[in-house]
>>> print(open('input-v4.tsv').read())   # TSV, C-alpha atoms
chain	number	residue	atom	x	y	z
A	284	MET	CA	11.61	-57.60	69.70
A	285	SER	CA	13.68	-60.80	70.16
A	286	ILE	CA	14.43	-60.75	73.88
A	287	VAL	CA	17.05	-63.44	73.46
A	288	ASN	CA	18.97	-60.54	71.91
A	289	LEU	CA	18.57	-58.12	74.82
A	290	LEU	CA	20.58	-57.58	77.97
A	291	ARG	CA	19.85	-56.17	81.39
A	292	ALA	CA	19.85	-52.42	81.20
A	293	ALA	CA	17.95	-49.47	82.66
A	294	SER	CA	16.42	-49.57	86.14
A	295	LEU	CA	12.71	-49.82	86.83
A	296	SER	CA	12.50	-46.56	88.76
A	297	ALA	CA	10.86	-44.64	85.93
A	298	LEU	CA	8.36	-47.40	85.25
A	299	LEU	CA	7.44	-47.72	88.90
A	300	ALA	CA	7.05	-43.98	89.19
A	301	ALA	CA	4.65	-44.04	86.26
A	302	GLY	CA	2.62	-46.83	87.87
A	303	ALA	CA	2.74	-50.51	87.01
A	304	ALA	CA	-0.81	-50.49	85.79
A	305	HIS	CA	-0.30	-47.47	83.52
A	306	ALA	CA	-2.00	-48.57	80.33
A	307	GLN	CA	0.60	-47.37	77.88
A	308	THR	CA	4.25	-47.86	77.14
A	309	VAL	CA	6.69	-45.47	78.80
A	310	GLY	CA	10.36	-44.93	78.04
A	311	PRO	CA	13.42	-45.82	80.13
A	312	GLN	CA	13.17	-42.45	81.88
A	313	GLY	CA	9.38	-42.35	82.00
A	314	GLU	CA	8.99	-40.65	78.60
A	315	THR	CA	5.60	-40.58	76.89
A	316	ALA	CA	5.52	-42.76	73.78
A	317	THR	CA	5.04	-41.41	70.26
A	318	PRO	CA	3.71	-43.93	67.70
A	319	SER	CA	6.20	-44.68	64.94
A	320	GLY	CA	3.52	-43.98	62.35
A	321	GLU	CA	3.81	-40.29	63.24
A	322	ILE	CA	7.50	-40.24	62.30
A	323	SER	CA	8.12	-39.54	58.62
A	324	VAL	CA	10.20	-37.36	56.35
A	325	PRO	CA	7.94	-35.33	54.04
A	326	ASP	CA	8.53	-35.77	50.33
A	327	ASP	CA	9.34	-32.07	49.96
A	328	ARG	CA	12.34	-32.46	52.30
A	329	VAL	CA	13.85	-35.46	50.53
A	330	ASP	CA	15.76	-33.40	47.96
A	331	ALA	CA	17.49	-31.46	50.73
A	332	LEU	CA	18.69	-34.73	52.24
A	333	LYS	CA	19.84	-36.11	48.90
A	334	ASN	CA	21.77	-32.95	48.14
A	335	GLY	CA	23.52	-33.20	51.49
A	336	LYS	CA	25.13	-36.55	50.59
A	337	HIS	CA	24.74	-37.78	54.16
A	338	ARG	CA	26.03	-41.06	55.57
A	339	ALA	CA	24.71	-43.51	58.14
A	340	ALA	CA	26.15	-46.41	60.16
A	341	LEU	CA	24.14	-49.30	61.60
A	342	LEU	CA	26.03	-50.62	64.62
A	343	TRP	CA	24.08	-53.52	66.07
A	344	HIS	CA	24.42	-55.58	69.21
A	345	ASP	CA	24.04	-58.97	67.50
A	346	GLN	CA	22.86	-60.77	64.36
A	347	SER	CA	19.39	-62.34	64.11
A	348	ASP	CA	16.20	-62.36	62.03
A	349	PHE	CA	15.03	-59.46	64.17
A	350	VAL	CA	18.17	-57.42	63.50
A	351	ASN	CA	17.97	-58.29	59.80
A	352	ALA	CA	14.44	-56.88	59.68
A	353	VAL	CA	15.43	-53.70	61.53
A	354	THR	CA	18.36	-53.30	59.13
A	355	ALA	CA	16.10	-53.77	56.11
A	356	GLY	CA	13.63	-51.17	57.34
A	357	ALA	CA	16.40	-48.66	58.02
A	358	SER	CA	18.23	-49.38	54.75
A	359	ASP	CA	15.10	-48.97	52.64
A	360	GLU	CA	14.29	-45.64	54.30
A	361	PHE	CA	17.85	-44.39	53.93
A	362	ALA	CA	17.78	-45.38	50.25
A	363	ARG	CA	14.57	-43.38	49.79
A	364	LEU	CA	16.24	-40.37	51.38
A	365	GLY	CA	19.50	-40.65	49.47
A	366	ILE	CA	21.52	-41.39	52.62
A	367	GLU	CA	24.39	-43.81	52.11
A	368	VAL	CA	24.86	-46.65	54.60
A	369	VAL	CA	28.63	-46.82	55.06
A	370	ALA	CA	28.86	-49.46	57.82
A	371	THR	CA	26.76	-52.31	59.21
A	372	THR	CA	28.24	-54.24	62.13
A	373	SER	CA	27.37	-56.82	64.79
A	374	ALA	CA	29.04	-56.70	68.20
A	375	GLY	CA	28.02	-60.22	69.25
A	376	PHE	CA	26.99	-58.93	72.68
A	377	ASP	CA	30.55	-57.78	73.32
A	378	ALA	CA	30.70	-54.21	74.65
A	379	ALA	CA	34.38	-53.92	73.74
A	380	LYS	CA	33.61	-55.04	70.19
A	381	GLN	CA	30.81	-52.50	69.98
A	382	ARG	CA	33.18	-49.73	71.05
A	383	SER	CA	35.64	-50.86	68.38
A	384	ASP	CA	32.83	-50.89	65.81
A	385	ILE	CA	31.96	-47.31	66.72
A	386	GLU	CA	35.60	-46.20	66.39
A	387	THR	CA	35.93	-47.91	63.01
A	388	ALA	CA	32.67	-46.44	61.75
A	389	MET	CA	33.67	-42.93	62.79
A	390	VAL	CA	36.55	-43.08	60.30
A	391	LYS	CA	33.87	-43.08	57.59
A	392	SER	CA	32.32	-39.86	58.97
A	393	PRO	CA	28.70	-40.90	59.43
A	394	ASP	CA	26.11	-38.22	60.04
A	395	ILE	CA	23.72	-40.73	61.66
A	396	ILE	CA	24.33	-43.80	63.83
A	397	LEU	CA	21.65	-46.32	64.64
A	398	SER	CA	22.52	-48.74	67.44
A	399	LEU	CA	21.40	-50.75	70.45
A	400	PRO	CA	23.77	-49.79	73.29
A	401	LEU	CA	24.86	-52.95	75.08
A	402	ASP	CA	25.36	-51.41	78.50
A	403	PRO	CA	24.28	-47.99	79.81
A	404	VAL	CA	27.62	-47.17	81.47
A	405	THR	CA	30.15	-48.48	78.96
A	406	SER	CA	28.03	-47.30	76.02
A	407	ALA	CA	28.00	-43.76	77.39
A	408	ALA	CA	31.77	-43.66	76.93
A	409	ALA	CA	31.72	-45.62	73.67
A	410	PHE	CA	29.45	-43.13	71.89
A	411	GLU	CA	31.22	-40.07	73.32
A	412	GLU	CA	33.27	-39.28	70.19
A	413	ALA	CA	30.22	-39.56	67.96
A	414	LYS	CA	28.21	-37.38	70.31
A	415	GLU	CA	30.92	-34.70	70.46
A	416	LYS	CA	31.17	-34.61	66.67
A	417	GLY	CA	27.46	-33.97	66.33
A	418	VAL	CA	26.49	-37.35	64.89
A	419	LYS	CA	22.75	-37.90	65.20
A	420	LEU	CA	22.34	-40.91	67.50
A	421	VAL	CA	19.18	-43.00	67.39
A	422	PHE	CA	19.07	-45.86	69.88
A	423	LEU	CA	17.13	-49.11	69.81
A	424	SER	CA	15.55	-49.91	73.21
A	425	ASN	CA	18.53	-48.97	75.42
A	426	LEU	CA	19.88	-45.57	76.44
A	427	PRO	CA	23.44	-44.71	77.53
A	428	LYS	CA	23.68	-43.39	81.08
A	429	ASP	CA	23.09	-39.66	81.58
A	430	TYR	CA	22.48	-38.96	77.88
A	431	VAL	CA	20.11	-36.02	77.35
A	432	HIS	CA	17.47	-36.02	74.64
A	433	GLY	CA	17.90	-33.36	71.99
A	434	THR	CA	21.47	-32.70	73.04
A	435	ASP	CA	23.12	-36.12	73.06
A	436	TYR	CA	20.68	-38.27	71.08
A	437	ALA	CA	17.68	-37.93	68.78
A	438	ALA	CA	15.42	-40.71	70.12
A	439	VAL	CA	15.05	-44.15	71.64
A	440	VAL	CA	12.89	-46.39	69.44
A	441	THR	CA	11.37	-49.64	70.67
A	442	ASP	CA	8.24	-51.82	70.67
A	443	ASP	CA	4.83	-50.78	71.96
A	444	LEU	CA	5.58	-52.80	75.07
A	445	PHE	CA	2.24	-52.46	76.81
A	446	GLN	CA	0.36	-53.50	73.68
A	447	MET	CA	2.51	-56.60	73.30
A	448	GLY	CA	1.61	-57.77	76.80
A	449	LYS	CA	-2.03	-56.77	76.43
A	450	GLN	CA	-2.44	-58.55	73.12
A	451	ALA	CA	-0.92	-61.68	74.65
A	452	ALA	CA	-3.48	-61.52	77.48
A	453	ASP	CA	-6.34	-60.97	75.06
A	454	ALA	CA	-5.21	-63.91	72.91
A	455	LEU	CA	-4.97	-66.24	75.90
A	456	ALA	CA	-8.36	-65.11	77.17
A	457	LYS	CA	-9.90	-65.86	73.77
A	458	ALA	CA	-8.40	-69.38	73.80
A	459	MET	CA	-9.67	-69.99	77.33
A	460	ASP	CA	-13.16	-68.49	76.87
A	461	SER	CA	-12.12	-65.79	79.35
A	462	LYS	CA	-12.11	-68.14	82.35
A	463	GLY	CA	-9.73	-70.45	84.18
A	464	THR	CA	-6.34	-70.53	85.86
A	465	VAL	CA	-3.17	-69.00	84.47
A	466	GLY	CA	0.58	-69.35	85.02
A	467	TRP	CA	2.80	-66.28	84.59
A	468	ILE	CA	6.46	-66.86	83.71
A	469	TYR	CA	8.12	-63.44	83.63
A	470	HIS	CA	11.66	-62.20	82.96
A	471	ASP	CA	13.53	-62.06	86.26
A	472	ALA	CA	15.77	-59.11	85.39
A	473	ASP	CA	15.74	-55.36	85.87
A	474	TYR	CA	15.03	-54.43	82.25
A	475	TYR	CA	12.28	-52.03	81.33
A	476	VAL	CA	11.46	-53.66	77.96
A	477	THR	CA	10.62	-57.12	79.29
A	478	ASN	CA	9.28	-55.79	82.58
A	479	GLN	CA	6.68	-53.64	80.81
A	480	ARG	CA	5.64	-56.41	78.44
A	481	ASP	CA	5.31	-58.97	81.23
A	482	ASN	CA	3.49	-56.62	83.61
A	483	ALA	CA	1.11	-55.52	80.86
A	484	PHE	CA	0.00	-59.13	80.48
A	485	LYS	CA	-0.60	-59.47	84.21
A	486	THR	CA	-2.37	-56.12	84.48
A	487	THR	CA	-4.69	-56.94	81.57
A	488	ILE	CA	-5.66	-60.34	83.01
A	489	GLU	CA	-6.31	-58.85	86.45
A	490	ASN	CA	-8.24	-55.81	85.19
A	491	ASP	CA	-10.10	-57.11	82.14
A	492	TYR	CA	-10.81	-60.79	82.83
A	493	PRO	CA	-12.37	-61.31	86.27
A	494	ASP	CA	-12.99	-65.02	85.65
A	495	MET	CA	-9.32	-65.68	84.91
A	496	LYS	CA	-6.91	-65.98	87.83
A	497	ILE	CA	-3.12	-66.04	87.87
A	498	VAL	CA	-2.46	-68.87	90.34
A	499	ALA	CA	1.25	-69.46	89.65
A	500	GLU	CA	4.06	-66.94	89.14
A	501	GLN	CA	7.73	-67.63	88.48
A	502	GLY	CA	10.58	-65.44	87.26
A	503	ILE	CA	13.15	-66.73	84.81
A	504	SER	CA	16.56	-65.37	83.85
A	505	ASP	CA	18.04	-68.49	82.24
A	506	PRO	CA	15.90	-69.87	79.37
A	507	ALA	CA	17.41	-73.30	79.96
A	508	ARG	CA	15.39	-73.53	83.21
A	509	ALA	CA	12.03	-73.07	81.50
A	510	GLU	CA	11.16	-76.77	81.32
A	511	GLU	CA	12.06	-77.25	84.99
A	512	ILE	CA	9.97	-74.24	86.01
A	513	ALA	CA	7.01	-75.41	83.95
A	514	ASN	CA	7.17	-78.91	85.44
A	515	ALA	CA	7.08	-77.48	88.96
A	516	MET	CA	4.22	-75.17	88.04
A	517	LEU	CA	2.19	-78.03	86.55
A	518	LEU	CA	2.89	-80.28	89.53
A	519	LYS	CA	1.21	-77.78	91.83
A	520	ASN	CA	-1.46	-76.80	89.29
A	521	PRO	CA	-2.22	-79.85	87.12
A	522	ASP	CA	-5.37	-78.23	85.69
A	523	LEU	CA	-3.64	-75.00	84.62
A	524	GLY	CA	-5.63	-73.48	81.78
A	525	GLY	CA	-2.93	-71.33	80.24
A	526	VAL	CA	0.62	-70.06	80.61
A	527	PHE	CA	2.22	-66.76	79.60
A	528	VAL	CA	5.94	-67.05	78.83
A	529	THR	CA	8.05	-63.91	78.62
A	530	TRP	CA	9.57	-64.72	75.22
A	531	ALA	CA	9.78	-67.54	72.69
A	532	GLY	CA	13.07	-69.09	73.84
A	533	PRO	CA	11.82	-70.22	77.25
A	534	ALA	CA	8.41	-70.92	75.70
A	535	GLU	CA	10.07	-73.82	73.88
A	536	GLY	CA	11.03	-75.27	77.27
A	537	VAL	CA	7.49	-74.85	78.61
A	538	LEU	CA	6.18	-76.57	75.50
A	539	ALA	CA	8.59	-79.46	76.08
A	540	ALA	CA	7.29	-79.83	79.64
A	541	LEU	CA	3.69	-79.98	78.45
A	542	ARG	CA	4.54	-82.60	75.87
A	543	ALA	CA	6.45	-84.68	78.42
A	544	ASN	CA	3.35	-84.63	80.64
A	545	ASP	CA	1.10	-85.49	77.67
A	546	ASN	CA	-0.71	-82.23	78.37
A	547	LYS	CA	-2.66	-81.15	75.30
A	548	THR	CA	-5.01	-78.70	76.99
A	549	THR	CA	-2.90	-76.00	78.68
A	550	LYS	CA	-2.58	-73.05	76.30
A	551	ILE	CA	0.61	-71.03	75.79
A	552	VAL	CA	1.03	-67.44	74.69
A	553	THR	CA	4.44	-65.87	74.25
A	554	LEU	CA	6.26	-62.95	72.65
A	555	ASP	CA	8.60	-62.81	69.62
A	556	LEU	CA	8.49	-65.01	66.54
A	557	SER	CA	10.07	-68.46	66.68
A	558	GLU	CA	9.89	-71.29	64.16
A	559	PRO	CA	9.54	-74.14	66.72
A	560	VAL	CA	6.84	-72.30	68.67
A	561	ALA	CA	5.01	-71.30	65.48
A	562	LEU	CA	5.13	-74.91	64.25
A	563	ASP	CA	3.30	-76.08	67.37
A	564	MET	CA	0.76	-73.30	66.91
A	565	VAL	CA	-0.12	-74.10	63.29
A	566	ARG	CA	-0.32	-77.81	64.10
A	567	GLY	CA	-3.01	-77.14	66.68
A	568	GLY	CA	-0.79	-77.75	69.69
A	569	ASN	CA	-0.58	-75.93	73.01
A	570	VAL	CA	0.59	-72.59	71.57
A	571	THR	CA	-2.40	-70.39	70.79
A	572	ALA	CA	-0.71	-67.10	69.82
A	573	ILE	CA	2.64	-65.33	69.44
A	574	VAL	CA	2.82	-61.55	69.79
A	575	ALA	CA	5.66	-59.79	67.95
A	576	ASP	CA	6.85	-56.30	67.24
A	577	GLU	CA	7.04	-54.79	63.77
A	578	ALA	CA	10.81	-55.00	63.48
A	579	TYR	CA	10.99	-53.61	59.95
A	580	GLU	CA	8.98	-50.59	61.10
A	581	LEU	CA	11.42	-50.09	63.98
A	582	GLY	CA	14.23	-49.71	61.46
A	583	ARG	CA	12.25	-47.38	59.21
A	584	ALA	CA	11.34	-45.16	62.14
A	585	MET	CA	14.93	-45.06	63.39
A	586	ALA	CA	16.21	-43.99	59.98
A	587	ALA	CA	13.48	-41.37	59.57
A	588	THR	CA	14.25	-39.98	63.04
A	589	GLY	CA	17.93	-39.62	62.21
A	590	ALA	CA	17.09	-37.87	58.96
A	591	LEU	CA	14.69	-35.46	60.68
A	592	ALA	CA	17.41	-34.63	63.20
A	593	ILE	CA	19.80	-33.80	60.34
A	594	LEU	CA	17.14	-31.46	58.96
A	595	GLY	CA	17.02	-29.68	62.30
A	596	GLU	CA	13.54	-30.91	63.14
A	597	GLU	CA	12.54	-31.69	66.71
A	598	THR	CA	12.24	-35.42	67.35
A	599	PRO	CA	10.34	-37.21	70.14
A	600	ALA	CA	12.47	-38.72	72.90
A	601	PHE	CA	10.68	-42.08	72.81
A	602	ILE	CA	9.07	-43.76	69.80
A	603	VAL	CA	7.24	-47.09	69.66
A	604	ALA	CA	6.39	-49.43	66.79
A	605	PRO	CA	3.15	-51.45	66.72
A	606	ALA	CA	2.63	-55.03	67.89
A	607	VAL	CA	1.10	-57.84	65.83
A	608	THR	CA	-0.56	-61.03	67.08
A	609	ALA	CA	0.24	-64.16	65.08
A	610	THR	CA	-2.18	-67.09	65.21
A	611	ALA	CA	-2.54	-70.25	63.16
A	612	ASP	CA	-4.93	-68.37	60.88
A	613	ASN	CA	-2.69	-65.39	60.03
A	614	VAL	CA	0.87	-66.53	60.72
A	615	GLY	CA	2.08	-65.83	57.17
A	616	GLU	CA	0.70	-62.30	57.14
A	617	ALA	CA	1.95	-61.62	60.67
A	618	TRP	CA	5.47	-62.78	59.79
A	619	GLN	CA	5.53	-60.40	56.84
A	620	GLN	CA	4.12	-57.56	58.93
A	621	SER	CA	6.77	-58.08	61.60
A	622	LEU	CA	9.91	-59.03	59.69
A	623	HIS	CA	9.06	-58.29	56.03
A	624	VAL	CA	10.10	-61.82	55.06
A	625	ASP	CA	8.14	-64.98	54.38
A	626	ALA	CA	7.40	-67.28	57.30
A	627	PRO	CA	9.57	-70.44	57.33
A	628	LYS	CA	8.43	-73.03	54.80
A	629	SER	CA	8.03	-75.57	57.59
A	630	VAL	CA	5.48	-73.31	59.29
A	631	MET	CA	3.52	-72.56	56.15
A	632	GLN	CA	3.47	-76.17	54.99
A	633	ALA	CA	2.43	-77.45	58.43
A	634	GLY	CA	-0.49	-75.09	58.41
A	635	LYS	CA	-1.94	-76.42	55.17
>>> encode(input="input-v4.tsv", output="structure tokens")
Amino acid sequence: MSIVNLLRAASLSALLAAGAAHAQTVGPQGETATPSGEISVPDDRVDALKNGKHRAALLWHDQSDFVNAVTAGASDEFARLGIEVVATTSAGFDAAKQRSDIETAMVKSPDIILSLPLDPVTSAAAFEEAKEKGVKLVFLSNLPKDYVHGTDYAAVVTDDLFQMGKQAADALAKAMDSKGTVGWIYHDADYYVTNQRDNAFKTTIENDYPDMKIVAEQGISDPARAEEIANAMLLKNPDLGGVFVTWAGPAEGVLAALRANDNKTTKIVTLDLSEPVALDMVRGGNVTAIVADEAYELGRAMAATGALAILGEETPAFIVAPAVTATADNVGEAWQQSLHVDAPKSVMQAGK
């Protein structure tokens, strides 16, 4: 998922209780993950949904390629199930705007709401009316404070966070022949999505690659500081073999630092698709791989979960969509698998 489009949210207490080295993704309250591939509405239940003339609202936190892909996945599934989408909104990271969007959408009497709550506390109040009216709430990544699964919401759906970090570690190890020194630039915020992804990378390097050593660690909260952080890291470790960067935005800054130092050998792996980062990758630059979520699948699974809740079926509390590793060899296929759109022309042409 595009972490540029995520805010600080749930605490790490559940993750820490589960164990930092726990080799699977856990939910914001320590929930066991259910793969999104297990969530589907059987064909023999579709007619019941169509006859119900149900409605859905997609109330998003922001607008981006990621959100567009989630919307497409949800819209296609709702169309298959005969559920009308009556509202699609973007709050622009404004909690007050999101509350207004919810109030406006409720006028259209949706049976299902899909949304990423911007803040656990304010969102708990914002979704109160929908909850009280029995609307089936399916949340993307975040969870309103004190909401109870099965009573207040149908599910939280997000990426397979551990797999994203693990695949990034595996990709970097492949590029470095499983040996050498590594820098780890992690998200310096109390947010279970990025924390799990980042820690999964570190855990995989430490447990699976004994000849690779993380020699430099630095947290980042402001992507604008990425180039500065990378310069300092390289000054102390001029022979750094590879760098993990928490998401693609700051990875662009790390890439700028490497170019400024005429460094063509240090490899970069990062998370979430980005045209500038992908361009460097297909041109044979420092970037060796980008790991992304299957955003379209996130939307499909969210819609299917809401529909199953309408049918009175039990739904898992925490659902995860697969991760995909994009390299110079498969970037077009990976872009389609993640976002269900073609990779940017610049990327595809540069790779020819």
>>> closest_residue(input="input-v4.tsv", among="A:His470, A:Lys485, A:Lys462, A:His432", to="Ala531 of chain A", atoms="all atoms listed in the file")
A:His470
>>> closest_atom_pairs(input="input-v4.tsv", of="segment 388-434 of chain A", to="segment 577-600 of chain A", cutoff="8 Å", atoms="all atoms listed in the file", output="Markdown table")
| residue | atom | partner | partner_atom | distance |
| --- | --- | --- | --- | --- |
| A:Asp394 | CA | A:Ile593 | CA | 7.7 |
| A:Ile395 | CA | A:Gly589 | CA | 5.9 |
| A:Ile396 | CA | A:Gly589 | CA | 7.8 |
| A:Leu397 | CA | A:Met585 | CA | 7.0 |
| A:Lys419 | CA | A:Gly589 | CA | 5.9 |
| A:Leu420 | CA | A:Gly589 | CA | 7.0 |
| A:Val421 | CA | A:Met585 | CA | 6.2 |
| A:Phe422 | CA | A:Met585 | CA | 7.7 |
| A:Leu423 | CA | A:Met585 | CA | 7.9 |
| A:His432 | CA | A:Ala600 | CA | 5.9 |
| A:Gly433 | CA | A:Thr598 | CA | 7.6 |
>>> closest_residue(input="input-v4.tsv", among="A:Glu489, A:Glu314, A:Asp555, A:Asp377", to="Thr477 of chain A", atoms="all atoms listed in the file")
A:Asp555
>>> atom_distance(input="input-v4.tsv", atom1="atom CA of Tyr492 of chain A", atom2="atom CA of Leu523 of chain A")
16.0 Å
>>> residues_around(input="input-v4.tsv", residues="Val552 of chain A", least_positions_apart="6", cutoff="12 Å", atoms="only C-alpha atoms", output="JSON, numbers by chain")
{"A": [447, 448, 449, 450, 451, 452, 453, 454, 455, 456, 457, 458, 459, 465, 466, 467, 468, 481, 484, 524, 525, 526, 527, 528, 529, 530, 531, 533, 534, 535, 537, 538, 560, 561, 563, 564, 568, 569, 570, 571, 572, 573, 574, 575, 608, 609, 610]}
>>> closest_residue(input="input-v4.tsv", among="A:Asp443, A:Asp402, A:Glu411, A:Asp473", to="Leu426 of chain A", atoms="all atoms listed in the file")
A:Asp402
